[in-house]
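**Q** Structure supplied as model_0.cif; contents: mmCIF, C-alpha atoms.
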```cif
data_work
loop_
_atom_site.group_PDB
_atom_site.id
_atom_site.type_symbol
_atom_site.label_atom_id
_atom_site.label_comp_id
_atom_site.auth_asym_id
_atom_site.auth_seq_id
_atom_site.Cartn_x
_atom_site.Cartn_y
_atom_site.Cartn_z
ATOM 1 C CA MET A 156 0.000 0.000 0.000
ATOM 2 C CA SER A 157 1.216 3.500 -0.850
ATOM 3 C CA ILE A 158 0.248 6.777 0.801
ATOM 4 C CA LEU A 159 0.272 10.095 -1.019
ATOM 5 C CA GLU A 160 0.131 13.209 1.155
ATOM 6 C CA ILE A 161 0.235 16.932 0.558
ATOM 7 C CA ASP A 162 1.045 18.976 3.626
ATOM 8 C CA SER A 163 1.541 22.578 4.792
ATOM 9 C CA VAL A 164 0.628 24.152 1.480
ATOM 10 C CA TRP A 165 0.052 27.891 1.219
ATOM 11 C CA LEU A 166 -0.953 29.562 -1.996
ATOM 12 C CA SER A 167 -1.944 33.128 -2.762
ATOM 13 C CA TYR A 168 -2.509 35.292 -5.811
ATOM 14 C CA LYS A 169 -2.100 39.045 -5.382
ATOM 15 C CA LEU A 170 -4.022 39.678 -2.125
ATOM 16 C CA THR A 171 -6.250 36.589 -2.353
ATOM 17 C CA LYS A 172 -5.336 33.653 -0.171
ATOM 18 C CA ILE A 173 -6.283 30.515 -2.098
ATOM 19 C CA LEU A 174 -4.928 27.746 0.104
ATOM 20 C CA GLN A 175 -3.923 28.039 3.757
ATOM 21 C CA ASN A 176 -1.913 25.329 5.438
ATOM 22 C CA VAL A 177 -3.665 22.545 3.561
ATOM 23 C CA TYR A 178 -3.265 18.830 4.296
ATOM 24 C CA MET A 179 -4.735 16.002 2.219
ATOM 25 C CA LYS A 180 -4.078 12.276 2.004
ATOM 26 C CA CYS A 181 -4.850 9.445 -0.424
ATOM 27 C CA GLU A 182 -4.012 5.763 -0.076
ATOM 28 C CA THR A 183 -3.936 3.155 -2.797
ATOM 29 C CA GLY A 184 -7.246 1.294 -2.756
ATOM 30 C CA GLU A 185 -9.417 4.322 -2.101
ATOM 31 C CA VAL A 186 -11.183 7.123 -3.929
ATOM 32 C CA VAL A 187 -10.792 10.556 -2.371
ATOM 33 C CA GLY A 188 -13.309 13.198 -3.401
ATOM 34 C CA LEU A 189 -12.461 16.901 -3.404
ATOM 35 C CA LEU A 190 -15.323 19.394 -3.421
ATOM 36 C CA GLY A 191 -15.559 23.151 -3.331
ATOM 37 C CA ARG A 192 -17.056 26.125 -5.111
ATOM 38 C CA ASN A 193 -15.626 27.612 -8.322
ATOM 39 C CA GLY A 194 -12.301 29.255 -7.596
ATOM 40 C CA ALA A 195 -11.973 27.562 -4.194
ATOM 41 C CA GLY A 196 -8.554 26.206 -5.184
ATOM 42 C CA LYS A 197 -9.347 22.572 -6.068
ATOM 43 C CA SER A 198 -7.491 22.540 -9.374
ATOM 44 C CA SER A 199 -4.600 24.501 -7.857
ATOM 45 C CA LEU A 200 -4.291 21.926 -5.072
ATOM 46 C CA LEU A 201 -4.310 19.074 -7.601
ATOM 47 C CA GLN A 202 -1.663 20.822 -9.686
ATOM 48 C CA LEU A 203 0.504 21.281 -6.593
ATOM 49 C CA LEU A 204 0.045 17.599 -5.858
ATOM 50 C CA MET A 205 1.324 16.745 -9.329
ATOM 51 C CA GLY A 206 4.275 19.143 -9.051
ATOM 52 C CA PHE A 207 3.161 21.344 -11.982
ATOM 53 C CA MET A 208 2.597 24.525 -10.031
ATOM 54 C CA GLU A 209 6.189 25.566 -9.502
ATOM 55 C CA GLU A 210 6.619 25.707 -13.287
ATOM 56 C CA THR A 211 3.620 27.849 -14.114
ATOM 57 C CA TRP A 212 2.286 29.639 -11.017
ATOM 58 C CA LEU A 213 2.337 33.441 -11.233
ATOM 59 C CA GLY A 214 1.314 34.062 -7.619
ATOM 60 C CA THR A 215 3.238 33.201 -4.486
ATOM 61 C CA LEU A 216 3.837 29.945 -2.703
ATOM 62 C CA GLU A 217 5.070 31.842 0.348
ATOM 63 C CA GLY A 218 4.919 29.616 3.395
ATOM 64 C CA THR A 219 5.048 26.479 1.265
ATOM 65 C CA GLN A 220 8.366 24.692 1.400
ATOM 66 C CA VAL A 221 8.813 24.145 -2.320
ATOM 67 C CA GLY A 222 9.788 20.536 -2.942
ATOM 68 C CA LYS A 223 8.744 19.571 0.586
ATOM 69 C CA SER A 224 4.980 19.599 0.333
ATOM 70 C CA VAL A 225 4.259 16.252 -1.328
ATOM 71 C CA ARG A 226 5.152 12.967 0.377
ATOM 72 C CA VAL A 227 4.868 9.416 -0.894
ATOM 73 C CA ASN A 228 5.243 6.834 1.848
ATOM 74 C CA GLU A 229 6.707 9.554 4.092
ATOM 75 C CA LYS A 230 9.414 10.508 1.570
ATOM 76 C CA TYR A 231 9.363 13.952 -0.045
ATOM 77 C CA VAL A 232 8.904 14.003 -3.806
ATOM 78 C CA GLN A 233 9.762 17.300 -5.461
ATOM 79 C CA LYS A 234 7.987 16.722 -8.776
ATOM 80 C CA PRO A 235 5.693 13.708 -8.509
ATOM 81 C CA PHE A 236 4.815 13.721 -12.233
ATOM 82 C CA ARG A 237 8.483 13.066 -13.100
ATOM 83 C CA VAL A 238 8.509 9.792 -11.144
ATOM 84 C CA ASN A 239 7.844 6.806 -13.384
ATOM 85 C CA GLY A 240 4.664 4.924 -12.458
ATOM 86 C CA LEU A 241 3.724 7.198 -9.541
ATOM 87 C CA ILE A 242 0.938 9.508 -10.657
ATOM 88 C CA ASN A 243 -0.970 10.775 -13.671
ATOM 89 C CA TYR A 244 -3.512 13.493 -14.267
ATOM 90 C CA LEU A 245 -6.692 14.112 -16.220
ATOM 91 C CA PRO A 246 -7.131 17.884 -16.647
ATOM 92 C CA GLN A 247 -10.504 19.599 -17.089
ATOM 93 C CA ASN A 248 -10.196 19.931 -20.862
ATOM 94 C CA GLU A 249 -9.013 17.855 -23.808
ATOM 95 C CA PHE A 250 -5.248 17.595 -23.562
ATOM 96 C CA ILE A 251 -3.922 14.999 -25.989
ATOM 97 C CA PRO A 252 -2.310 16.572 -29.090
ATOM 98 C CA LYS A 253 -4.747 16.451 -32.019
ATOM 99 C CA SER A 254 -2.057 15.097 -34.347
ATOM 100 C CA LEU A 255 -1.456 11.988 -32.218
ATOM 101 C CA LYS A 256 -3.012 8.637 -33.152
ATOM 102 C CA VAL A 257 -5.071 6.791 -30.524
ATOM 103 C CA LYS A 258 -2.830 3.713 -30.744
ATOM 104 C CA THR A 259 0.310 5.873 -30.212
ATOM 105 C CA ALA A 260 -1.200 7.447 -27.095
ATOM 106 C CA LEU A 261 -2.064 3.973 -25.780
ATOM 107 C CA ASP A 262 1.506 2.860 -26.439
ATOM 108 C CA TRP A 263 3.090 5.862 -24.710
ATOM 109 C CA TYR A 264 0.806 5.510 -21.679
ATOM 110 C CA GLU A 265 1.571 1.771 -21.667
ATOM 111 C CA VAL A 266 -2.079 0.756 -21.852
ATOM 112 C CA ALA A 267 -2.763 -2.476 -23.741
ATOM 113 C CA PRO A 268 -5.582 -1.848 -26.266
ATOM 114 C CA GLU A 269 -7.248 -5.122 -25.209
ATOM 115 C CA THR A 270 -7.880 -3.767 -21.707
ATOM 116 C CA LEU A 271 -10.114 -1.093 -23.246
ATOM 117 C CA PHE A 272 -11.813 -3.357 -25.815
ATOM 118 C CA VAL A 273 -13.114 -5.739 -23.148
ATOM 119 C CA ASP A 274 -15.537 -3.090 -21.880
ATOM 120 C CA PHE A 275 -15.721 -0.896 -24.963
ATOM 121 C CA PRO A 276 -15.431 -2.925 -28.187
ATOM 122 C CA GLU A 277 -16.494 0.124 -30.220
ATOM 123 C CA LEU A 278 -13.136 1.744 -29.427
ATOM 124 C CA ALA A 279 -11.301 -0.853 -31.553
ATOM 125 C CA THR A 280 -12.418 0.964 -34.697
ATOM 126 C CA LEU A 281 -10.867 4.228 -33.464
ATOM 127 C CA LEU A 282 -7.312 2.951 -32.950
ATOM 128 C CA SER A 283 -5.910 4.319 -36.204
ATOM 129 C CA PHE A 284 -7.679 7.680 -35.847
ATOM 130 C CA ARG A 285 -5.915 10.848 -34.793
ATOM 131 C CA PHE A 286 -7.403 12.672 -31.797
ATOM 132 C CA GLY A 287 -8.226 15.604 -34.078
ATOM 133 C CA GLU A 288 -10.495 13.291 -36.107
ATOM 134 C CA LEU A 289 -12.575 12.224 -33.096
ATOM 135 C CA SER A 290 -15.642 13.963 -31.697
ATOM 136 C CA GLY A 291 -15.264 15.910 -28.447
ATOM 137 C CA GLY A 292 -17.091 13.167 -26.521
ATOM 138 C CA GLN A 293 -14.996 10.328 -27.988
ATOM 139 C CA CYS A 294 -11.830 12.295 -27.290
ATOM 140 C CA ARG A 295 -12.739 12.932 -23.648
ATOM 141 C CA TRP A 296 -13.822 9.324 -23.128
ATOM 142 C CA ILE A 297 -10.570 7.876 -24.477
ATOM 143 C CA GLU A 298 -8.476 10.387 -22.498
ATOM 144 C CA THR A 299 -10.277 9.443 -19.271
ATOM 145 C CA LEU A 300 -9.869 5.712 -19.905
ATOM 146 C CA LEU A 301 -6.193 6.162 -20.801
ATOM 147 C CA VAL A 302 -5.403 7.966 -17.560
ATOM 148 C CA LEU A 303 -7.409 5.524 -15.445
ATOM 149 C CA LYS A 304 -6.038 2.372 -17.071
ATOM 150 C CA ALA A 305 -2.390 3.521 -17.082
ATOM 151 C CA ASN A 306 -0.168 1.691 -14.664
ATOM 152 C CA THR A 307 0.332 4.340 -11.970
ATOM 153 C CA GLN A 308 -0.069 4.178 -8.187
ATOM 154 C CA PHE A 309 -2.252 7.292 -8.142
ATOM 155 C CA THR A 310 -4.558 9.021 -10.579
ATOM 156 C CA ILE A 311 -5.996 12.518 -10.335
ATOM 157 C CA LEU A 312 -9.235 13.244 -12.178
ATOM 158 C CA ASP A 313 -10.241 16.891 -12.584
ATOM 159 C CA GLU A 314 -13.925 17.055 -13.574
ATOM 160 C CA PRO A 315 -14.166 13.668 -15.322
ATOM 161 C CA PHE A 316 -18.001 13.679 -15.413
ATOM 162 C CA THR A 317 -18.254 16.992 -17.235
ATOM 163 C CA HIS A 318 -19.149 16.616 -20.958
ATOM 164 C CA VAL A 319 -19.972 12.930 -20.407
ATOM 165 C CA SER A 320 -23.426 11.485 -21.155
ATOM 166 C CA PRO A 321 -25.458 10.058 -18.197
ATOM 167 C CA LEU A 322 -24.998 6.465 -19.393
ATOM 168 C CA GLN A 323 -21.243 6.944 -19.651
ATOM 169 C CA VAL A 324 -21.164 8.545 -16.193
ATOM 170 C CA GLU A 325 -22.487 5.282 -14.737
ATOM 171 C CA LYS A 326 -19.914 3.281 -16.735
ATOM 172 C CA LEU A 327 -17.164 5.636 -15.599
ATOM 173 C CA LYS A 328 -18.161 5.205 -11.960
ATOM 174 C CA GLN A 329 -17.907 1.429 -12.388
ATOM 175 C CA ILE A 330 -14.448 1.755 -13.948
ATOM 176 C CA ILE A 331 -13.270 4.045 -11.134
ATOM 177 C CA ASP A 332 -14.577 1.557 -8.581
ATOM 178 C CA ASN A 333 -12.739 -1.241 -10.366
ATOM 179 C CA GLU A 334 -9.467 0.677 -10.823
ATOM 180 C CA LYS A 335 -9.277 1.696 -7.156
ATOM 181 C CA LYS A 336 -8.441 -1.910 -6.331
ATOM 182 C CA ARG A 337 -4.941 -1.270 -7.694
ATOM 183 C CA LYS A 338 -4.482 2.503 -7.280
ATOM 184 C CA GLY A 339 -5.488 5.563 -5.300
ATOM 185 C CA ILE A 340 -7.789 7.989 -7.084
ATOM 186 C CA ILE A 341 -8.353 11.647 -6.265
ATOM 187 C CA ILE A 342 -11.389 13.095 -7.975
ATOM 188 C CA THR A 343 -13.043 16.486 -8.178
ATOM 189 C CA ASP A 344 -16.199 17.508 -10.010
ATOM 190 C CA HIS A 345 -19.162 19.835 -9.556
ATOM 191 C CA LEU A 346 -21.531 16.869 -9.927
ATOM 192 C CA HIS A 347 -21.207 16.305 -6.190
ATOM 193 C CA ARG A 348 -23.704 13.411 -5.974
ATOM 194 C CA HIS A 349 -21.456 11.226 -8.106
ATOM 195 C CA ILE A 350 -18.458 12.233 -6.005
ATOM 196 C CA THR A 351 -20.182 11.422 -2.704
ATOM 197 C CA GLU A 352 -21.378 8.091 -4.158
ATOM 198 C CA ILE A 353 -17.990 6.782 -5.269
ATOM 199 C CA SER A 354 -15.654 8.366 -2.704
ATOM 200 C CA ASP A 355 -14.363 6.582 0.361
ATOM 201 C CA ARG A 356 -13.287 9.915 1.819
ATOM 202 C CA ILE A 357 -14.287 13.492 0.984
ATOM 203 C CA TYR A 358 -12.560 16.804 1.535
ATOM 204 C CA PHE A 359 -14.205 20.179 1.107
ATOM 205 C CA ILE A 360 -12.284 23.387 0.429
ATOM 206 C CA LYS A 361 -13.671 26.590 1.869
ATOM 207 C CA ASN A 362 -11.883 29.902 2.462
ATOM 208 C CA GLY A 363 -8.588 28.227 1.642
ATOM 209 C CA MET A 364 -9.035 25.606 4.373
ATOM 210 C CA ILE A 365 -9.637 21.936 3.808
ATOM 211 C CA ILE A 366 -12.422 20.295 5.810
ATOM 212 C CA PRO A 367 -12.929 16.510 6.020
ATOM 213 C CA ILE A 368 -16.548 15.578 5.289
ATOM 214 C CA ASN A 369 -18.110 12.722 7.230
ATOM 215 C CA THR A 370 -21.730 12.930 6.059
ATOM 216 C CA PRO A 371 -23.247 14.451 2.883
ATOM 217 C CA ALA A 372 -25.457 16.618 5.117
ATOM 218 C CA GLN A 373 -22.308 18.430 6.235
ATOM 219 C CA LEU A 374 -22.033 19.849 2.699
ATOM 220 C CA GLY A 375 -25.377 21.572 3.261
ATOM 221 C CA ASP A 376 -24.218 22.979 6.587
ATOM 222 C CA LEU A 377 -21.155 24.398 4.840
ATOM 223 C CA GLY A 378 -23.356 26.146 2.270
ATOM 224 C CA TYR A 379 -22.213 24.027 -0.689
ATOM 225 C CA ILE A 380 -25.566 22.400 -1.499
ATOM 226 C CA MET B 30 13.486 6.656 -22.062
ATOM 227 C CA PHE B 31 12.867 5.750 -25.733
ATOM 228 C CA LYS B 32 9.201 6.707 -25.391
ATOM 229 C CA GLN B 33 10.185 10.032 -23.835
ATOM 230 C CA LEU B 34 12.475 10.730 -26.808
ATOM 231 C CA LYS B 35 9.612 9.898 -29.155
ATOM 232 C CA ALA B 36 7.366 12.248 -27.173
ATOM 233 C CA ILE B 37 9.964 15.059 -27.426
ATOM 234 C CA PHE B 38 10.250 14.433 -31.174
ATOM 235 C CA HIS B 39 6.463 14.576 -31.512
ATOM 236 C CA PHE B 40 6.430 17.864 -29.614
ATOM 237 C CA TYR B 41 9.121 19.208 -31.968
ATOM 238 C CA LYS B 42 7.111 18.123 -35.030
ATOM 239 C CA GLY B 43 4.353 20.531 -33.907
ATOM 240 C CA PHE B 44 6.471 23.539 -34.911
ATOM 241 C CA ALA B 45 9.242 21.938 -36.991
ATOM 242 C CA LEU B 46 7.956 23.300 -40.299
ATOM 243 C CA ILE B 47 8.348 26.923 -39.168
ATOM 244 C CA THR B 48 11.785 26.497 -37.584
ATOM 245 C CA LEU B 49 13.031 24.451 -40.550
ATOM 246 C CA LEU B 50 11.917 27.191 -42.946
ATOM 247 C CA VAL B 51 13.888 29.719 -40.896
ATOM 248 C CA THR B 52 16.905 27.383 -40.807
ATOM 249 C CA LEU B 53 16.758 26.856 -44.593
ATOM 250 C CA THR B 54 16.536 30.618 -45.173
ATOM 251 C CA ASN B 55 19.532 31.125 -42.899
ATOM 252 C CA THR B 56 21.398 28.330 -44.701
ATOM 253 C CA TYR B 57 20.814 30.115 -48.001
ATOM 254 C CA LEU B 58 22.081 33.331 -46.400
ATOM 255 C CA ILE B 59 25.289 31.585 -45.325
ATOM 256 C CA TYR B 60 25.704 30.158 -48.835
ATOM 257 C CA LYS B 61 25.472 33.665 -50.278
ATOM 258 C CA SER B 62 27.270 35.766 -47.633
ATOM 259 C CA GLY B 63 29.268 33.412 -45.395
ATOM 260 C CA VAL B 64 28.888 32.614 -41.689
ATOM 261 C CA ILE B 65 30.579 35.726 -40.302
ATOM 262 C CA ASN B 66 28.446 38.172 -42.310
ATOM 263 C CA SER B 67 25.183 36.326 -41.544
ATOM 264 C CA LEU B 68 25.702 35.503 -37.874
ATOM 265 C CA SER B 69 23.816 38.442 -36.369
ATOM 266 C CA ILE B 70 20.771 37.925 -38.647
ATOM 267 C CA ILE B 71 20.776 34.178 -37.918
ATOM 268 C CA LEU B 72 20.872 34.761 -34.158
ATOM 269 C CA VAL B 73 18.130 37.387 -34.213
ATOM 270 C CA THR B 74 15.762 35.367 -36.449
ATOM 271 C CA LYS B 75 16.273 32.125 -34.506
ATOM 272 C CA ILE B 76 15.719 33.751 -31.105
ATOM 273 C CA ALA B 77 12.710 35.747 -32.356
ATOM 274 C CA VAL B 78 11.015 32.782 -34.055
ATOM 275 C CA ASN B 79 11.629 30.444 -31.120
ATOM 276 C CA GLY B 80 10.297 33.119 -28.756
ATOM 277 C CA ILE B 81 7.122 33.517 -30.829
ATOM 278 C CA ILE B 82 6.632 29.735 -30.953
ATOM 279 C CA TRP B 83 7.067 29.515 -27.155
ATOM 280 C CA TYR B 84 4.540 32.330 -26.661
ATOM 281 C CA PHE B 85 1.950 30.719 -28.961
ATOM 282 C CA TYR B 86 2.332 27.376 -27.181
ATOM 283 C CA GLN B 87 1.731 29.010 -23.794
ATOM 284 C CA ILE B 88 -1.389 30.772 -25.123
ATOM 285 C CA PHE B 89 -3.016 28.241 -27.443
ATOM 286 C CA TRP B 90 -1.624 24.771 -26.702
ATOM 287 C CA ALA B 91 -0.749 24.910 -22.990
ATOM 288 C CA LYS B 92 -3.201 22.070 -22.245
ATOM 289 C CA GLU B 93 -1.104 19.702 -24.365
ATOM 290 C CA PHE B 94 1.692 19.948 -21.808
ATOM 291 C CA TYR B 95 -0.400 17.753 -19.491
ATOM 292 C CA PHE B 96 -0.115 14.956 -22.034
ATOM 293 C CA TYR B 97 3.677 15.178 -21.904
ATOM 294 C CA HIS B 98 3.641 15.564 -18.095
ATOM 295 C CA ASN B 99 1.873 12.200 -17.953
ATOM 296 C CA CYS B 100 4.863 10.865 -19.935
ATOM 297 C CA HIS B 101 7.017 12.254 -17.058
ATOM 298 C CA LEU B 102 8.316 15.174 -19.123
ATOM 299 C CA GLY B 103 8.353 18.717 -17.743
ATOM 300 C CA GLN B 104 8.233 21.843 -19.894
ATOM 301 C CA LYS B 105 11.966 22.417 -19.458
ATOM 302 C CA GLN B 106 12.798 18.933 -20.760
ATOM 303 C CA LEU B 107 10.409 19.335 -23.702
ATOM 304 C CA TRP B 108 11.751 22.709 -24.810
ATOM 305 C CA ALA B 109 15.385 21.736 -24.235
ATOM 306 C CA GLY B 110 14.896 18.519 -26.224
ATOM 307 C CA ALA B 111 12.964 20.102 -29.089
ATOM 308 C CA LEU B 112 15.273 23.108 -29.424
ATOM 309 C CA GLY B 113 18.240 20.731 -29.140
ATOM 310 C CA ILE B 114 16.969 18.772 -32.164
ATOM 311 C CA ASP B 115 16.433 22.048 -34.026
ATOM 312 C CA PHE B 116 19.954 23.220 -33.158
ATOM 313 C CA LEU B 117 21.528 19.944 -34.356
ATOM 314 C CA ILE B 118 19.685 20.160 -37.711
ATOM 315 C CA MET B 119 20.821 23.776 -38.060
ATOM 316 C CA ILE B 120 24.478 22.960 -37.333
ATOM 317 C CA PHE B 121 24.331 20.009 -39.760
ATOM 318 C CA LEU B 122 22.970 22.172 -42.604
ATOM 319 C CA PHE B 123 25.358 25.054 -41.857
ATOM 320 C CA THR B 124 28.351 22.698 -41.898
ATOM 321 C CA ILE B 125 27.331 21.213 -45.253
ATOM 322 C CA VAL B 126 26.732 24.598 -46.869
ATOM 323 C CA THR B 127 30.034 25.973 -45.537
ATOM 324 C CA TYR B 128 31.871 23.064 -47.209
ATOM 325 C CA LEU B 129 29.954 23.589 -50.456
ATOM 326 C CA ARG B 130 30.764 27.302 -50.644
#
```
Using the file provided, produce a representation of the structure as structure tokens.

**A**
Amino acid sequence: MSILEIDSVWLSYKLTKILQNVYMKCETGEVVGLLGRNGAGKSSLLQLLMGFMEETWLGTLEGTQVGKSVRVNEKYVQKPFRVNGLINYLPQNEFIPKSLKVKTALDWYEVAPETLFVDFPELATLLSFRFGELSGGQCRWIETLLVLKANTQFTILDEPFTHVSPLQVEKLKQIIDNEKKRKGIIITDHLHRHITEISDRIYFIKNGMIIPINTPAQLGDLGYI
Amino acid sequence: MFKQLKAIFHFYKGFALITLLVTLTNTYLIYKSGVINSLSIILVTKIAVNGIIWYFYQIFWAKEFYFYHNCHLGQKQLWAGALGIDFLIMIFLFTIVTYLR
């Protein structure tokens, strides 16, 4: 079992404090849900967890010990995304280059095509297509499956249910439930009912603080629903 | 490692046509005027074009970096690798044209 933790994170932009002394944990074998209003800092926290933020952030990380905020099994990891087989990330929007073929993306993410065809035989016909030739829905669906099926210890999903049809949402929830047997999954989405249904543990971000949620009713008390 | 190199090469292919056009123009300039006389123009055009490409990537294709991050490549590695390939092609062409002159 592996444990991924992010600890003592501070993040601000101009005069706005986005995250204040945040701690979050995910273990392999569980789904951790992250909820919060728009602009609460969910995506920023996930990007910090991946190690992207130091490359692109225009605000300040004052108070955060850069390179000493993410731990895997109690060892600091400066840039988790650079560690082979540790973590991968599904961003909010389509992210695979349009010129890339589906089979090439599968190869680079080390996902055997057969693992997708078992559940989704219709995808077999799309292997030789480039991502630019697929519809938005097909593109998003393949991207989500790729990230989930890749052989990493942890997967971060930023709004995976957005732009997905209701039938596919149910399928996706089943896949997430199945994949958590071998990895830890951190998930955020505004469709909070799906998040509360599939998560083993939920965190809520409010005013830069992170609050563990024990019952869905607590979300109402916090003014989220 | 091999897959990461392929990913860097794929990233380079996204803007190779533009940089190769600039390199070929500069190669022609060297053929006509020699390295010493063309050096300042070559430096300025290469830096300007690479700067514009970098800017456009940050504005229009920034999301694609997540794909490469999932291949364990950071932006620094991608740019260093892609510009390294571009530099090697440029040196190769410049060497050939200098011998031909």

**Q** Skip range 106-110 of chain B itself and residues of its chain fewer than 3 positions away, then list as a PyMOL selection string all residues within 9 Å of it, counting only C-alpha atoms.

**A** chain B and resi 34+36-38+40-41+83+94+97+102-103+113-115

**Q** Near chain A, meaning an atom within 8 Å, which residues of chain B appear when counting all atoms listed in the file? Write them as a list of chain:residue names.

**A**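 Residues passing the distance filter: B:Lys32, B:Lys92, B:Glu93, B:Phe94, B:Tyr95, B:Phe96, B:His98, B:Asn99, B:Cys100, B:His101, B:Leu102, B:Gly103, B:Gln104.
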
**Q** Near Val324 in chain A, counting all atoms listed in the file, which residues have an atom at most 12 Å away, once you skip same-chain residues fewer than 3 positions from it, shown as a PyMOL selection string?

**A** chain A and resi 296+299+314-321+327-331+344+346+348-350+353

**Q** Just to confirm, what's the straight-line distance from CA of Ser163 in chain A to CA of Gly191 in chain A in Å (one decimal)?

**A**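 It comes out at 18.9 Å.
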
**Q** Quick one: which residues end up in the PyMOL selection byres ((chain A and resi 169-177) around 7) for this structure, as a list of chain:residue names?

**A**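 So the PyMOL selection byres ((chain A and resi 169-177) around 7), applied here, picks out A:Asp162, A:Ser163, A:Val164, A:Trp165, A:Leu166, A:Ser167, A:Tyr168, A:Tyr178, A:Met179, A:Ala195, A:Gly196, A:Gly214, A:Gly363, A:Met364, A:Ile365.
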
**Q** Could you work out an axis-aligned box for range 314-322 of chain A, taking every atom the file lists and adding 3 Å on each side, and report centre and edge lengths in Å to one decimal, as JSON?

**A**
```
{"center_x": -19.7, "center_y": 11.8, "center_z": -17.4, "size_x": 17.5, "size_y": 16.6, "size_z": 13.6}
```

**Q** Neighbouring residues of Val126 in chain B were defined as those with any atom within 12 Å, considering only C-alpha atoms; residues of the same chain fewer than 2 positions away were excluded. Please report them as a ChimeraX atom specification.

**A** /B:52-64,119-124,128-130

**Q** Go ahead and write the selection's residues with C-alpha atoms as a PDB file, keeping the file's coordinate frame.

**A**
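Saved as out-v1.pdb:
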```
ATOM      1  CA  THR B  52      16.905  27.383 -40.807  1.00  0.00           C
ATOM      2  CA  LEU B  53      16.758  26.856 -44.593  1.00  0.00           C
ATOM      3  CA  THR B  54      16.536  30.618 -45.173  1.00  0.00           C
ATOM      4  CA  ASN B  55      19.532  31.125 -42.899  1.00  0.00           C
ATOM      5  CA  THR B  56      21.398  28.330 -44.701  1.00  0.00           C
ATOM      6  CA  TYR B  57      20.814  30.115 -48.001  1.00  0.00           C
ATOM      7  CA  LEU B  58      22.081  33.331 -46.400  1.00  0.00           C
ATOM      8  CA  ILE B  59      25.289  31.585 -45.325  1.00  0.00           C
ATOM      9  CA  TYR B  60      25.704  30.158 -48.835  1.00  0.00           C
ATOM     10  CA  LYS B  61      25.472  33.665 -50.278  1.00  0.00           C
ATOM     11  CA  SER B  62      27.270  35.766 -47.633  1.00  0.00           C
ATOM     12  CA  GLY B  63      29.268  33.412 -45.395  1.00  0.00           C
ATOM     13  CA  VAL B  64      28.888  32.614 -41.689  1.00  0.00           C
ATOM     14  CA  MET B 119      20.821  23.776 -38.060  1.00  0.00           C
ATOM     15  CA  ILE B 120      24.478  22.960 -37.333  1.00  0.00           C
ATOM     16  CA  PHE B 121      24.331  20.009 -39.760  1.00  0.00           C
ATOM     17  CA  LEU B 122      22.970  22.172 -42.604  1.00  0.00           C
ATOM     18  CA  PHE B 123      25.358  25.054 -41.857  1.00  0.00           C
ATOM     19  CA  THR B 124      28.351  22.698 -41.898  1.00  0.00           C
ATOM     20  CA  TYR B 128      31.871  23.064 -47.209  1.00  0.00           C
ATOM     21  CA  LEU B 129      29.954  23.589 -50.456  1.00  0.00           C
ATOM     22  CA  ARG B 130      30.764  27.302 -50.644  1.00  0.00           C
TER      23      ARG B 130
END
```

**Q** Would you kindly return, as a ChimeraX atom specification, each protein, DNA or RNA residue with an atom no farther than 12 Å from any atom of range 376-379 of chain A, considering only C-alpha atoms and excluding same-chain residues fewer than 5 positions away?

**A** /A:190-193,195,345-348,358-362,365-371

**Q** Quick one, how far is CA of Ile82 in chain B from CA of Ile118 in chain B?

**A**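 The value is 17.5 Å.
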
**Q** Between CA of Ser157 in chain A and CA of Val227 in chain A, what distance in Å does the model show, to one decimal?

**A** 7.0 Å

**Q** My list of candidates is B:Ile81, B:Leu49, B:Ile76, B:Phe89. Which is closest to Leu117 in chain B when distances are computed with all atoms listed in the file?

**A**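 Nearest to Leu117 in chain B: B:Leu49.
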
**Q** Using only C-alpha atoms, pick whichever of A:Asp355, A:Asp274, A:Glu160, A:Glu334 has the shortest atom-to-atom distance to Lys304 in chain A.

**A**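 Selected residue with least distance to Lys304 in chain A: A:Glu334.
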